[in-house]
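One structure is given below, encoded as structure tokens.
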Protein chains: 2
Amino acid sequence: MSVTRSFNESDDGHGGPHSRRAASGHERPTLETVAALAKVSRATASRVVNGSTSVSPDIRDAVLDAVGVLNYVPNRVARGLVTHQMDSFALVLTESAGRIFVEDPFFATVVHGVVQELDAAGKELVLQVVSSPQSRERITNYAIGGHVDGVLVVSVDGADELPMTLAGKNVPVVVNGRPMGRSAVPYVDVANADGARQAVRRLVDSGHRRIATIAGPQNAPGAVDRLAGYRAELRDSRRRPIVAVGNCTEESGSSAMRRLLDEHPRLDAVFVASDLMAHGAVRALRMSGRRVPDDVAVIGFDDTEVARYTDPPLTTVRLPILDIGRTMARQVLRLAGGEPVERSILLGTEFVVRESTC
Amino acid sequence: MSVTRSFNESDDGHGGPHSRRAASGHERPTLETVAALAKVSRATASRVVNGSTSVSPDIRDAVLDAVGVLNYVPNRVARGLVTHQMDSFALVLTESAGRIFVEDPFFATVVHGVVQELDAAGKELVLQVVSSPQSRERITNYAIGGHVDGVLVVSVDGADELPMTLAGKNVPVVVNGRPMGRSAVPYVDVANADGARQAVRRLVDSGHRRIATIAGPQNAPGAVDRLAGYRAELRDSRRRPIVAVGNCTEESGSSAMRRLLDEHPRLDAVFVASDLMAHGAVRALRMSGRRVPDDVAVIGFDDTEVARYTDPPLTTVRLPILDIGRTMARQVLRLAGGEPVERSILLGTEFVVRESTC
DNA sequence: GCGCAGTTTGAAAACGATCACCGCCGGGCG
DNA sequence: CGCCCGGCGGTGATCGTTTTCAAACTGCGC
């Protein structure tokens, strides 16, 4: 593949009308203006605007009229200064997440879920991605400085200390995914263990005897949970676990599969902790002359794009990604509202049957 | 494909430590505190913090020390109240864009570019997606209310009136893509016409005689420009244009291709305005018994994922998407800084040669 | 020694809201 | 008839900055 770059063109404008906000026409009305027009005090106008009870109906209407006439919109900055509530939340992507933000649709989906929920609550979202130690500090200070009412941290390594730092300063925080150590920060995660159990049970139920797994890197909580789910289900159905560990790449899936076949040539099913590795595993299986699903059934995890393009298409476990975002948003809203929240919420998965199982 | 949904689990926490920001330890220091510690007035402290000249070195150091000791961070809200600068910008996705935000990596990429540039300038980004008439009004008011220093509108239909509304209220605005009518709002776009010309020229240069095109919907400025580029290049090389119009779906690409073949069975190349349609076109070509590229060469546009998976992989035109975001950010920063900007900036494309041309 | 220009510095007024008080008013009760 | 009380509305302080303006201080020339 070769590439040719074309020139950049540009059209130098007169630079005329695009100056700084000129004092065009009338200034924005303040509460003072409204009060004056309605012939009441600022305080009363404020009460009306904030929907307070205890203001007589006629005077209320007068103020409302004034608001309408002047097209008054409260200045959130001024309000924020005194109330210490900015009606906005930060969504921060840590380094790891920021790097793959564009490649992996996961993040855009979570963001979308968060936006939906925040929007419904009338809150704004400020998006921050930490890209350096400096930006990390900026972002930390921003939150601690009280410019937002809470923070949603979307991370991938689960060991980032940002959430704890924030929580330590009494900033409402929610993270995605179970954090590595013991952490008091509430999190929203996928029911990894349960999803894995479900998948494995399916294998058991359809008569498979020797069910192996290719697990993900065991420093990632999600991968740990998936493996645990596999183990639990095998234990319950009195089968022996056969485990290989990959690192989430397609290639690692292939090589793990080969190792598995070497040691357990008669295995008849494999539960793989990610679609990408499953894709690799299927390839290795085919290379070894086995048919999928006839000789060996394969189940993936994540229901990513690749699951549909694998041949045969992968039976897999779908993640409720949008829901993660929405749930995180709801939790942080509660937190900011002073309500207590669950320390953790696990969202159910969907089992998606395609053709890599029979 | 069948689907089973697992239960949602959740762990009801004690609701203990997650209350509202308690008055834990010391309050955040204010400029007052700093001034007191440095034994100067608030005004002087402010001057130092904002790096003003005309403050004697020794007193400057005293203030800086105090800042260090107290770990003082200026309150941007209070500052914003008086300066009317919030050091943050809004990135709004209009309905159309919001709907496909998660599907099309385009948007996440633009957002990423914007974040990069804003981050480098120390500005915050508030992300807003308009999802209803109400949210549209909220967003409009937010910007007009001066809560942000400028707005980047990412839209897909190019006829949205939001940018003009904002610009009319003297809010610095930049949009992506050439707007439909005559609009005074500065925009950043891809050099569609130039990219198309380049692609077509390639076809001409490699000896193709009957070069057709499948254009996109002509109510989209980008599609119009691509068609214009095709026409211009054909005119220059004295060939007759052969045009069909699709609606950007794969299916429309196929059917357009069939129409083209019906009327011009001897065409030997086709320039398609999007990879997805090109994918459809290739399929139609194969169905008609023609080989790609031997009988008919095909060039797509956009360099999306599908271009790599098409068989054969598509020669196409790559868009500088990240750059769109970065450039938009730079422009709106200039605008907010009171500097004049170009009315339009066209970013160059890259011609990517794969196997659908020879 | 004194006036004067040129710097630095500080006091105080914004900025635009919220909110704790306080006063006013009318009605019920002793 | 006087007193208290509850509901409603207004006054003024406050939030944490920036910024204007005038005071104070410097050094300098006469």
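Every chain in the structure tokens has a letter given in the order shown (A, B, ...), and although residue numbers restart at 1 in each chain, ligands are simply numbered from 1 in the order shown.
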
Using only C-alpha atoms (C1' of nucleotides), what does the table of chain D residues within 12 Å of chain B look like, with each row giving the shortest atom pair and its distance in Å to one decimal, sorted by chain and ascending number, as a Markdown table?
```
| residue | atom | partner | partner_atom | distance |
| --- | --- | --- | --- | --- |
| D:DC15 | C1' | B:Ala78 | CA | 7.7 |
| D:DG16 | C1' | B:Ala78 | CA | 5.0 |
| D:DT17 | C1' | B:Arg79 | CA | 4.6 |
| D:DT18 | C1' | B:Val82 | CA | 6.2 |
| D:DT19 | C1' | B:Ala43 | CA | 8.6 |
| D:DT20 | C1' | B:Ala43 | CA | 11.2 |
```

Given the selection you just returned, output its residues as a file containing N, CA and C atoms (P, O5', C5', C4', C3', O3' and C1' of nucleotides), formatted as a compact mmCIF listing (two decimals), in the first residue's frame.
```txt
# COMPACT_ATOMS: atom_id res chain seq x y z
P DC D 15 -17.42 34.38 52.60
O5' DC D 15 -17.33 33.38 51.39
C5' DC D 15 -18.39 32.51 51.00
C4' DC D 15 -18.32 32.27 49.51
C3' DC D 15 -16.94 32.55 48.93
O3' DC D 15 -16.24 31.33 48.80
C1' DC D 15 -18.69 33.50 47.57
P DG D 16 -14.70 31.31 49.30
O5' DG D 16 -13.89 31.90 48.06
C5' DG D 16 -13.88 31.16 46.87
C4' DG D 16 -13.24 31.99 45.78
C3' DG D 16 -11.84 32.51 46.10
O3' DG D 16 -11.05 32.34 44.96
C1' DG D 16 -13.22 34.30 45.52
P DT D 17 -9.50 32.45 44.96
O5' DT D 17 -9.21 33.17 43.58
C5' DT D 17 -9.23 34.57 43.51
C4' DT D 17 -9.95 35.00 42.27
C3' DT D 17 -9.22 36.13 41.57
O3' DT D 17 -8.69 35.67 40.34
C1' DT D 17 -11.51 36.73 42.10
P DT D 18 -7.49 36.52 39.70
O5' DT D 18 -8.26 37.82 39.17
C5' DT D 18 -9.10 37.68 38.04
C4' DT D 18 -9.76 39.00 37.75
C3' DT D 18 -8.82 40.10 37.22
O3' DT D 18 -9.50 40.73 36.17
C1' DT D 18 -10.01 40.89 39.11
P DT D 19 -8.68 41.60 35.07
O5' DT D 19 -9.03 43.09 35.53
C5' DT D 19 -10.37 43.37 35.92
C4' DT D 19 -10.46 44.76 36.49
C3' DT D 19 -9.31 45.72 36.07
O3' DT D 19 -9.87 47.00 35.88
C1' DT D 19 -9.44 45.62 38.40
P DT D 20 -9.18 48.01 34.82
O5' DT D 20 -9.72 49.43 35.36
C5' DT D 20 -11.05 49.53 35.83
C4' DT D 20 -11.11 50.44 37.05
C3' DT D 20 -10.29 51.73 36.92
O3' DT D 20 -11.08 52.81 37.36
C1' DT D 20 -9.75 50.62 38.92
```

* Gly158 in chain B: which residues within 9 Å, counting only C-alpha atoms (C1' of nucleotides), same-chain residues fewer than 4 positions away excluded, as a list in words? -> Val175, Asn176, Gly177, Arg178, Pro179, Met180, Gly181, Asn219, Ala220 and Pro221 of chain B

* Å distance separating CA of Asn247 in chain A from CA of Val92 in chain A, one decimal place -> 25.6 Å

* To do: Enumerate the residues of range 198-244 of chain A with a DSSP assignment of helix (DSSP H, G or I), computed from the backbone, and present them as an MDAnalysis selection string.
  => chainID A and resid 198:205 221:236

* To do: Using only C-alpha atoms (C1' of nucleotides), determine which residues of chain C fall within 7 Å of chain B; present them as a list in words.
  => DT8, DG10 and DC15 of chain C

Just write the chosen residues, C-alpha atoms (C1' of nucleotides), as a tab-separated table (two decimals), in the first residue's frame.
```
chain	number	residue	atom	x	y	z
C	8	DT	C1'	4.47	49.69	43.47
C	10	DG	C1'	-3.53	48.65	48.84
C	15	DC	C1'	-19.05	40.33	38.86
```

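Taking CA of Glu161 in chain A as the reference point, CA of Leu335 in chain A is found at 19.5 Å.
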
Ala108 in chain B: which residues within 12 Å, counting only C-alpha atoms (C1' of nucleotides), same-chain residues fewer than 2 positions away excluded, as a compact mmCIF listing (two decimals) with C-alpha atoms, in the first residue's frame?
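result.txt was written with the following content:
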```
# COMPACT_ATOMS: atom_id res chain seq x y z
CA GLY A 98 -7.05 7.65 26.32
CA ARG A 99 -4.60 5.91 24.04
CA ILE A 100 -7.12 3.46 22.69
CA PHE A 101 -10.08 5.80 22.86
CA VAL A 102 -10.47 5.94 19.12
CA GLU A 103 -9.68 2.34 18.30
CA ASP A 104 -11.92 0.64 20.78
CA PRO A 105 -15.60 1.53 20.44
CA PHE A 106 -15.96 0.60 24.10
CA PHE A 107 -15.00 4.06 25.26
CA ALA A 108 -17.15 6.02 22.88
CA THR A 109 -20.04 3.85 23.95
CA VAL A 110 -19.47 4.43 27.63
CA VAL A 111 -19.17 8.14 26.99
CA HIS A 112 -22.40 8.04 25.10
CA LEU B 91 -17.91 20.52 21.59
CA LEU B 93 -22.63 17.06 18.39
CA ALA B 97 -23.87 13.24 14.65
CA GLY B 98 -24.95 12.15 18.11
CA ILE B 100 -23.97 7.68 15.01
CA PHE B 101 -21.37 8.77 17.52
CA VAL B 102 -20.62 5.26 18.64
CA GLU B 103 -20.86 3.53 15.29
CA ASP B 104 -18.66 5.79 13.26
CA PRO B 105 -15.11 6.17 14.58
CA PHE B 106 -15.01 9.50 12.80
CA VAL B 110 -12.41 14.27 15.94
CA VAL B 111 -13.13 14.51 19.65
CA HIS B 112 -9.73 13.08 20.35
CA GLY B 113 -8.04 15.65 18.16
CA VAL B 114 -9.93 18.43 19.85
CA VAL B 115 -9.01 17.13 23.26
CA LEU B 127 -19.06 17.64 25.51
CA VAL B 154 -19.66 18.76 14.82
CA ILE B 321 -9.72 13.03 10.69
CA LEU B 322 -7.59 13.65 13.74
CA ILE B 324 -9.87 18.03 11.58
CA GLY B 325 -10.35 17.97 15.32
```

* Skipping near chain neighbours, those fewer than 3 positions away, what residues fall within 12 Å of DC21 in chain D using only C-alpha atoms (C1' of nucleotides), listed as a ChimeraX atom specification? -> /C:9-13

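Of the residues listed (A:Ala336, A:Ile139, A:Ala196, A:Cys248), A:Ala336 shows the shortest atom-to-atom separation from chain B; distances use only C-alpha atoms.
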
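Using only C-alpha atoms, the smallest distance between any of A:Pro172, A:Gly222, A:Gly207, A:Gly68 and chain B comes from A:Pro172.
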
Taking the DSSP secondary structure from the backbone, can you list the residues of range 111-339 of chain B that are strand (DSSP E), as an mmCIF file with C-alpha atoms, in the first residue's frame?
```
data_model
loop_
_atom_site.group_PDB
_atom_site.id
_atom_site.type_symbol
_atom_site.label_atom_id
_atom_site.label_comp_id
_atom_site.auth_asym_id
_atom_site.auth_seq_id
_atom_site.Cartn_x
_atom_site.Cartn_y
_atom_site.Cartn_z
ATOM 1 C CA GLU B 124 -11.298 22.243 29.330
ATOM 2 C CA LEU B 125 -13.750 20.586 26.994
ATOM 3 C CA VAL B 126 -17.410 20.204 27.698
ATOM 4 C CA LEU B 127 -19.063 17.644 25.508
ATOM 5 C CA GLN B 128 -22.681 18.147 24.604
ATOM 6 C CA VAL B 129 -24.878 16.181 22.308
ATOM 7 C CA GLY B 150 -16.182 29.118 22.231
ATOM 8 C CA VAL B 151 -18.004 26.275 20.576
ATOM 9 C CA LEU B 152 -17.009 23.562 18.138
ATOM 10 C CA VAL B 153 -19.999 22.201 16.319
ATOM 11 C CA VAL B 154 -19.661 18.758 14.815
ATOM 12 C CA VAL B 173 -17.832 29.091 16.629
ATOM 13 C CA VAL B 174 -16.119 26.686 14.295
ATOM 14 C CA VAL B 175 -17.819 23.866 12.428
ATOM 15 C CA ASN B 176 -16.595 20.797 10.650
ATOM 16 C CA TYR B 187 -15.193 25.813 9.012
ATOM 17 C CA VAL B 188 -12.597 23.108 8.707
ATOM 18 C CA ASP B 189 -13.091 20.522 6.042
ATOM 19 C CA VAL B 190 -11.387 17.856 4.055
ATOM 20 C CA ILE B 211 -14.306 6.491 -15.969
ATOM 21 C CA ALA B 212 -17.635 6.564 -14.161
ATOM 22 C CA THR B 213 -18.466 7.783 -10.691
ATOM 23 C CA ILE B 214 -20.935 6.884 -8.012
ATOM 24 C CA ALA B 215 -21.592 10.080 -6.130
ATOM 25 C CA ILE B 242 -20.646 9.155 -16.329
ATOM 26 C CA VAL B 243 -22.520 9.752 -13.139
ATOM 27 C CA ALA B 244 -24.771 7.742 -10.858
ATOM 28 C CA VAL B 245 -25.892 8.846 -7.431
ATOM 29 C CA ALA B 269 -13.064 2.374 -14.015
ATOM 30 C CA VAL B 270 -15.281 3.817 -11.351
ATOM 31 C CA PHE B 271 -14.575 6.373 -8.689
ATOM 32 C CA VAL B 272 -16.948 5.878 -5.763
ATOM 33 C CA ALA B 297 -10.711 -0.441 -11.533
ATOM 34 C CA VAL B 298 -12.423 0.841 -8.414
ATOM 35 C CA ILE B 299 -11.452 3.655 -6.082
ATOM 36 C CA THR B 316 -9.077 4.780 -1.546
ATOM 37 C CA VAL B 317 -8.639 8.307 -0.246
ATOM 38 C CA ARG B 318 -7.783 8.708 3.392
#
```

* A:His147, A:Ala121, A:Arg231, A:Gln85 ranked by distance to chain B, top pick (using only C-alpha atoms) ->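 Nearest candidate to chain B out of A:His147, A:Ala121, A:Arg231, A:Gln85: A:His147.
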
* Thr165 in chain B environment, 12 Å, only C-alpha atoms (C1' of nucleotides), sequence neighbours closer than 3 positions dropped, as a list in words -> Arg136, Glu137, Ile139, Thr140, Asn141, Ala143, Ile144, Val151, Val153, Asp160, Glu161, Leu162, Gly168, Lys169, Asn170, Val171, Pro172, Val173, Ser183, Ala184 and Val185 of chain B

Write the selection just made, keeping C-alpha atoms, as a short mmCIF file (atom, residue, chain, number, x, y, z; two decimals), in the first residue's frame?
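The resulting selection25.cif:
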```
data_model
loop_
_atom_site.label_atom_id
_atom_site.label_comp_id
_atom_site.auth_asym_id
_atom_site.auth_seq_id
_atom_site.Cartn_x
_atom_site.Cartn_y
_atom_site.Cartn_z
CA ARG B 136 -30.72 22.03 21.92
CA GLU B 137 -32.03 25.05 23.76
CA ILE B 139 -26.94 23.90 24.91
CA THR B 140 -27.55 27.10 23.04
CA ASN B 141 -28.18 29.00 26.24
CA ALA B 143 -22.95 28.87 25.16
CA ILE B 144 -24.69 32.20 24.88
CA VAL B 151 -18.00 26.28 20.58
CA VAL B 153 -20.00 22.20 16.32
CA ASP B 160 -28.01 22.92 11.04
CA GLU B 161 -28.75 26.44 12.16
CA LEU B 162 -27.07 26.10 15.53
CA GLY B 168 -25.07 35.69 15.75
CA LYS B 169 -24.75 36.09 19.49
CA ASN B 170 -21.04 36.69 19.17
CA VAL B 171 -19.96 33.32 20.44
CA PRO B 172 -16.81 32.11 18.70
CA VAL B 173 -17.83 29.09 16.63
CA SER B 183 -22.63 30.89 6.13
CA ALA B 184 -20.22 33.22 7.80
CA VAL B 185 -19.13 30.57 10.27
#
```

* Using CA of Gly253 in chain A and CA of Thr304 in chain B as the two end points, give the distance in Å to one decimal. =>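 Between these atoms lies a distance of 26.2 Å.
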
* Residue neighbourhood DC25 in chain C, 12 Å, only C-alpha atoms (C1' of nucleotides), exclusion window fewer than 2 positions, as a ChimeraX atom specification -> /C:23,27 /D:5-9

Put those residues in a file: N, CA and C atoms (P, O5', C5', C4', C3', O3' and C1' of nucleotides), as a short mmCIF file (atom, residue, chain, number, x, y, z; two decimals), in the first residue's frame.
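Result went into again.cif, see below:
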```cif
data_model
loop_
_atom_site.label_atom_id
_atom_site.label_comp_id
_atom_site.auth_asym_id
_atom_site.auth_seq_id
_atom_site.Cartn_x
_atom_site.Cartn_y
_atom_site.Cartn_z
P DG C 23 -35.48 43.82 62.81
"O5'" DG C 23 -36.63 44.37 61.85
"C5'" DG C 23 -36.27 45.09 60.68
"C4'" DG C 23 -37.50 45.22 59.80
"C3'" DG C 23 -38.76 45.66 60.56
"O3'" DG C 23 -39.51 46.51 59.73
"C1'" DG C 23 -39.15 43.57 59.58
P DG C 27 -56.76 40.04 58.67
"O5'" DG C 27 -56.60 38.82 59.68
"C5'" DG C 27 -56.01 37.60 59.23
"C4'" DG C 27 -55.81 36.66 60.41
"C3'" DG C 27 -57.04 36.55 61.31
"O3'" DG C 27 -57.12 35.23 61.82
"C1'" DG C 27 -55.22 37.38 62.56
P DC D 5 -44.99 33.56 70.23
"O5'" DC D 5 -45.64 32.65 69.10
"C5'" DC D 5 -47.05 32.64 68.89
"C4'" DC D 5 -47.33 32.60 67.40
"C3'" DC D 5 -46.14 32.14 66.54
"O3'" DC D 5 -46.60 31.22 65.57
"C1'" DC D 5 -46.95 34.20 65.74
P DG D 6 -45.58 30.17 64.89
"O5'" DG D 6 -46.19 29.98 63.43
"C5'" DG D 6 -47.57 30.25 63.19
"C4'" DG D 6 -47.72 30.85 61.80
"C3'" DG D 6 -46.66 30.38 60.81
"O3'" DG D 6 -47.27 30.22 59.54
"C1'" DG D 6 -46.56 32.72 60.99
P DG D 7 -46.54 29.42 58.38
"O5'" DG D 7 -46.72 30.43 57.17
"C5'" DG D 7 -48.02 30.98 56.91
"C4'" DG D 7 -47.84 32.25 56.10
"C3'" DG D 7 -46.92 32.09 54.89
"O3'" DG D 7 -47.49 32.81 53.81
"C1'" DG D 7 -46.13 33.84 56.24
P DC D 8 -47.04 32.47 52.30
"O5'" DC D 8 -46.29 33.83 51.94
"C5'" DC D 8 -47.01 35.04 52.07
"C4'" DC D 8 -46.07 36.23 51.97
"C3'" DC D 8 -45.07 36.21 50.82
"O3'" DC D 8 -45.21 37.44 50.13
"C1'" DC D 8 -44.01 36.79 52.85
P DG D 9 -44.57 37.60 48.67
"O5'" DG D 9 -43.44 38.64 49.03
"C5'" DG D 9 -43.82 39.93 49.46
"C4'" DG D 9 -42.59 40.68 49.95
"C3'" DG D 9 -41.45 40.72 48.94
"O3'" DG D 9 -41.19 42.09 48.64
"C1'" DG D 9 -40.69 39.99 51.08
#
```

* To do: Kindly indicate which residue among A:Val224, A:Val130, A:Leu347, A:Val67 lies nearest to chain B, using only C-alpha atoms for the distances.
  =>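 Nearest to chain B: A:Leu347.
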